[in-house]
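Enquirer: Quick one: structure below, then a few questions.
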Amino acid sequence: MPVLLPPALEQFLDLLRCPTCRARRLHPEPGALRCAAGHSFDIARHGYAGLLTGGRATSGDDGAMVRARDRFLATGGYARIRQAVARLAADSAPQRGTVVDVGCGTGYYLAGVLDRLPGAHGLGLDTSVRALRSAARAHDRGAAVAWDVFRRFPLADGAADVVLDVFAPRNPAEFRRVLRPTGRLIVVRPTTRHLAELHGRVPGTITVDPAKEQRLHRALAPCFEAVVTERVEHPVVLSRRQALDLVGMTPSARHLNGADLTGDGLLPDRVTVSVLVTAYRPR
């Protein structure tokens, strides 16, 4: 039986563009989206559209990482980050605006923004099939599409009122292209203090390069200027299960195995959450 078009995805049909021929809009047919030239893209039974062509990217989170992220985020450990993102988005977006979350993961932050904007609709882009399964059901006004941040987005020019980039790779030129002139880009990135308690205790965990902030500003400066920056920093007390999930949901998980975490005292019972959240306007 063909998969039905999810209502949240239907809201984006006027804004989505064929990733193969770019200019053509996508139209629904049973179980798929198709452009006028005949390029067709499946709608997965989990509710997301598979627009990624030419082979799948390999950097997406695997199933274990996604399950760890779902469990940890459910504890509220990053709730203050989500609140800051939603507040900055709501400060600049119309109530019935369009939000695009690039590298959306499980849809946690996009759902927070949509809760703050009751009339808005959101679209999450990610390469991870496992994450997209969660993102497609994270919010009833949130849709999800398989896509690679480093390629031209399958969206019309000026499609979005807000673009989110939370702990994700960045494509400044595409952010600028899909944002409306009055739109906002909201970027979340870690400071050097973020999860610092892990770095000296758990072998293989990835530290934050002190020069990362300068590189971010150099990359965004041609297209954007900062409007406001908020620092979110606070301690989080962890159970052993939560500590394992926190490590398991980060990029460090790709460099670790179970044996790396079995030593006594390796996992801290508290960590520092420390991130910067910046809203940028297009130049």
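Following the order of the structure tokens, chains are lettered A, B, ..., residues in each are numbered from 1, and ligands are numbered from 1.
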Which of region 65-238 of chain A counts as alpha helix (DSSP H) under DSSP, as a PyMOL selection string please?

Expert: chain A and resi 65-74+79-92+108-116+129-135+172-178+196-199+212-220

Enquirer: Give me the residues of region 155-269 of chain A that have any atom at most 7 Å from an atom of region 98-107 of chain A; for each, the nearest atom pair and the distance in Å, rounded to one decimal. Use only C-alpha atoms, sort by chain and number, and format it as CSV.

Expert:
residue,atom,partner,partner_atom,distance
A:Ala160,CA,A:Thr98,CA,5.1
A:Asp161,CA,A:Thr98,CA,5.3
A:Val162,CA,A:Val99,CA,4.8
A:Val163,CA,A:Val100,CA,4.8
A:Leu164,CA,A:Asp101,CA,4.5
A:Asp165,CA,A:Val102,CA,5.5
A:Ala168,CA,A:Gly103,CA,5.4

Enquirer: Put those residues in a file: C-alpha atoms, as a PDB file, in the first residue's frame.

Expert:
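What ended up in again_4.pdb:
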ATOM      1  CA  ALA A 160      12.628  30.391   5.030  1.00  0.00           C
ATOM      2  CA  ASP A 161      12.003  32.945   7.753  1.00  0.00           C
ATOM      3  CA  VAL A 162      14.419  31.149  10.081  1.00  0.00           C
ATOM      4  CA  VAL A 163      17.282  28.737   9.440  1.00  0.00           C
ATOM      5  CA  LEU A 164      18.568  26.730  12.404  1.00  0.00           C
ATOM      6  CA  ASP A 165      22.062  25.288  12.620  1.00  0.00           C
ATOM      7  CA  ALA A 168      25.726  21.011  12.723  1.00  0.00           C
TER       8      ALA A 168
END

Enquirer: With distances taken over only C-alpha atoms, which of A:Ser128, A:Arg184, A:Gln11, A:Thr75 is nearest to Pro94 (chain A)?

Expert: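 The closest residue to Pro94 (chain A) is A:Arg184.
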
Enquirer: Which one is closest to Leu179 (chain A): A:Leu114, A:Ala93, A:Ser274, A:Val236? Count only C-alpha atoms.

Expert: A:Ala93

Enquirer: Which is closest to Phe150 (chain A) among A:Asp126, A:Val66, A:Arg133, A:Phe167, if we use only C-alpha atoms?

Expert: A:Asp126

Enquirer: Which one is closest to Phe41 (chain A): A:Leu155, A:Leu4, A:Ala146, A:Leu125? Count only C-alpha atoms.

Expert: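 Answer, going by the shortest atom-to-atom distance: A:Ala146.
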
Enquirer: Identify, on the basis of only C-alpha atoms, every residue whose closest approach to Val129 (chain A) does not exceed 9 Å; exclude the query and any residue fewer than 6 positions from it along the same chain; express the result as a PyMOL selection string.

Expert: chain A and resi 48+50+60-63+146

Enquirer: Mind dumping the selected residues with C-alpha atoms as a short mmCIF file (atom, residue, chain, number, x, y, z; two decimals), in the first residue's frame?

Expert:
data_model
loop_
_atom_site.label_atom_id
_atom_site.label_comp_id
_atom_site.auth_asym_id
_atom_site.auth_seq_id
_atom_site.Cartn_x
_atom_site.Cartn_y
_atom_site.Cartn_z
CA TYR A 48 10.36 11.57 5.61
CA GLY A 50 14.32 10.75 0.49
CA GLY A 60 24.97 10.78 9.52
CA ASP A 61 24.36 9.44 13.02
CA ASP A 62 23.83 5.71 13.29
CA GLY A 63 21.05 3.99 15.23
CA ALA A 146 17.05 13.39 3.65
#

Enquirer: Could you check which of A:Leu244, A:Leu198, A:Met249, A:Leu220 is closest to Arg281 (chain A), using only C-alpha atoms?

Expert: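 Under the stated criterion, the closest residue is A:Leu220.
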
Enquirer: Using only C-alpha atoms, which protein or nucleic acid residues come within 10 Å of Arg80 (chain A)? Drop anything in the same chain fewer than 6 positions from it, and give the result as a PyMOL selection string.

Expert: chain A and resi 86+232-234+273

Enquirer: Just list as a PyMOL selection string whatever in region 118-248 of chain A DSSP marks as strand (DSSP E).

Expert: chain A and resi 121-126+142-146+160-166+179-190+224-237

Enquirer: Compile the contact shell of Gly142 (chain A) as a list in words: residues with an atom at most 8 Å away, counting only C-alpha atoms, same-chain residues fewer than 4 positions apart removed.

Expert: Ala8, Leu9, Leu110, Ala111, Leu114, His121, Gly122, Leu123, Gly124, Ala135, Ala136, Arg137 and Ala138 of chain A

Enquirer: Write a file of the selected residues as a PDB file, in the first residue's frame, keeping C-alpha atoms.

Expert:
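What follows is the written file again33.pdb:
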ATOM      1  CA  ALA A   8       3.502  18.518   7.405  1.00  0.00           C
ATOM      2  CA  LEU A   9       5.381  17.688   4.200  1.00  0.00           C
ATOM      3  CA  LEU A 110      12.915  22.336  15.537  1.00  0.00           C
ATOM      4  CA  ALA A 111      10.054  21.035  17.679  1.00  0.00           C
ATOM      5  CA  LEU A 114       7.433  25.214  16.463  1.00  0.00           C
ATOM      6  CA  HIS A 121       5.783  25.068   9.830  1.00  0.00           C
ATOM      7  CA  GLY A 122       9.200  23.434   9.959  1.00  0.00           C
ATOM      8  CA  LEU A 123      11.399  21.323   7.709  1.00  0.00           C
ATOM      9  CA  GLY A 124      14.373  19.336   8.967  1.00  0.00           C
ATOM     10  CA  ALA A 135      12.492  13.995  13.154  1.00  0.00           C
ATOM     11  CA  ALA A 136       9.506  13.121  10.952  1.00  0.00           C
ATOM     12  CA  ARG A 137       7.376  12.529  14.047  1.00  0.00           C
ATOM     13  CA  ALA A 138       8.936  15.083  16.423  1.00  0.00           C
TER      14      ALA A 138
END

Enquirer: Can you tell me, as a PyMOL selection string, what residues are no more than 12 Å from Gly77 (chain A) when counting only C-alpha atoms, ignoring any on the same chain fewer than 2 positions away?

Expert: chain A and resi 69-75+79-83+195+232-239+242-243+245-246+270-274

Enquirer: Point out the residue among A:Pro118, A:Pro30, A:Pro169, A:Pro251 with the least atom-to-atom distance to Thr207 (chain A), counting only C-alpha atoms.

Expert: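 That would be A:Pro251, the residue with the smallest distance to Thr207 (chain A).
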
Enquirer: What is the CA of Thr20 (chain A) to CA of Asp157 (chain A) distance in Å?

Expert: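 Between CA of Thr20 (chain A) and CA of Asp157 (chain A) the gap works out to 16.0 Å.
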
Enquirer: Any idea what's packed within 12 Å of Ala211 (chain A), counting only C-alpha atoms, ignoring anything in its chain fewer than 4 positions away? Could you give it as a PyMOL selection string?

Expert: chain A and resi 190-192+207+215-218
